[in-house]
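One structure is given here, and the rest of the page talks about it.
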Amino acid sequence: MSYSIHYYNDAVQDAIFALPKTLAARYVTLTDRMQIVGANLSKPHTEAFGDGLFELRLKGAEGIARVFYCTLVGRRIVMLHSFVKKTQKTPPAERRIAETRMKEIKNAHP
């Protein structure tokens with residue numbers, strides 16, 4: 001049984017596909033793989049933050065981007081938030097956005 005990719009909303013999906021060309025291509029490659037093997041591709045592709053929050057790590061010619069996501073029952077992977085990294089550490093505000101959205105999703109789909 002395969003996994004399915006969903007998006008928190010249309011704006012998240014649009015932002016992901018509006019990433020610079022090589023980052024968007026990397027996203028497609030990794031999510032195609034996630035649909036087969038599941039949410040955790042291990043480092044260097046994904047990192048688990050705990051409580052069900054994961055980070056998809058994208059690297060390309062234009063820089064580095066991150067996409068936060070979570071999993072739901074029924075082999076559903078939900079993309080919550082994306083951003084292009086400009087500093088070495090992930091800004092706490094970016095992670096808070098993802099955590100807030102994850103709580104909303106999990107409360108709506110217990």
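Here's how to read the names in the structure tokens: chain A, B, ... by the order shown, residue numbers from 1 in each chain, ligand numbers from 1 in the order shown.
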Extract, using only C-alpha atoms, all DNA, RNA and protein residues at most 12 Å from A:Lys59, discarding same-chain residues fewer than 5 positions from it, and format them as number ranges by chain.
A: 19-27, 29-30, 44-46, 64-67, 84-85
Those in chain A with helix (DSSP H, G or I) from DSSP, as a PyMOL selection string
chain A and resi 10-17+21-37+92-108
Please run DSSP on the backbone and report, as JSON, numbers by chain, all residues within stretch 16-100 of chain A that come out as strand (DSSP E or B).
{"A": [46, 47, 48, 49, 50, 53, 54, 55, 56, 57, 58, 59, 60, 63, 64, 65, 66, 67, 68, 69, 70, 71, 72, 76, 77, 78, 79, 80, 81, 82, 83, 84, 85]}
Using Å and a single decimal, report how far atom CA of A:Met102 sits from atom CA of A:Leu58.
20.3 Å
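Distances from A:Ile36, A:Phe83, A:Arg75, A:Ala48 to A:Val12 were compared using only C-alpha atoms, and the smallest one belongs to A:Phe83.
Atom to atom, atom CA of A:Ala15 and atom CA of A:Ser82 stand 7.0 Å apart.
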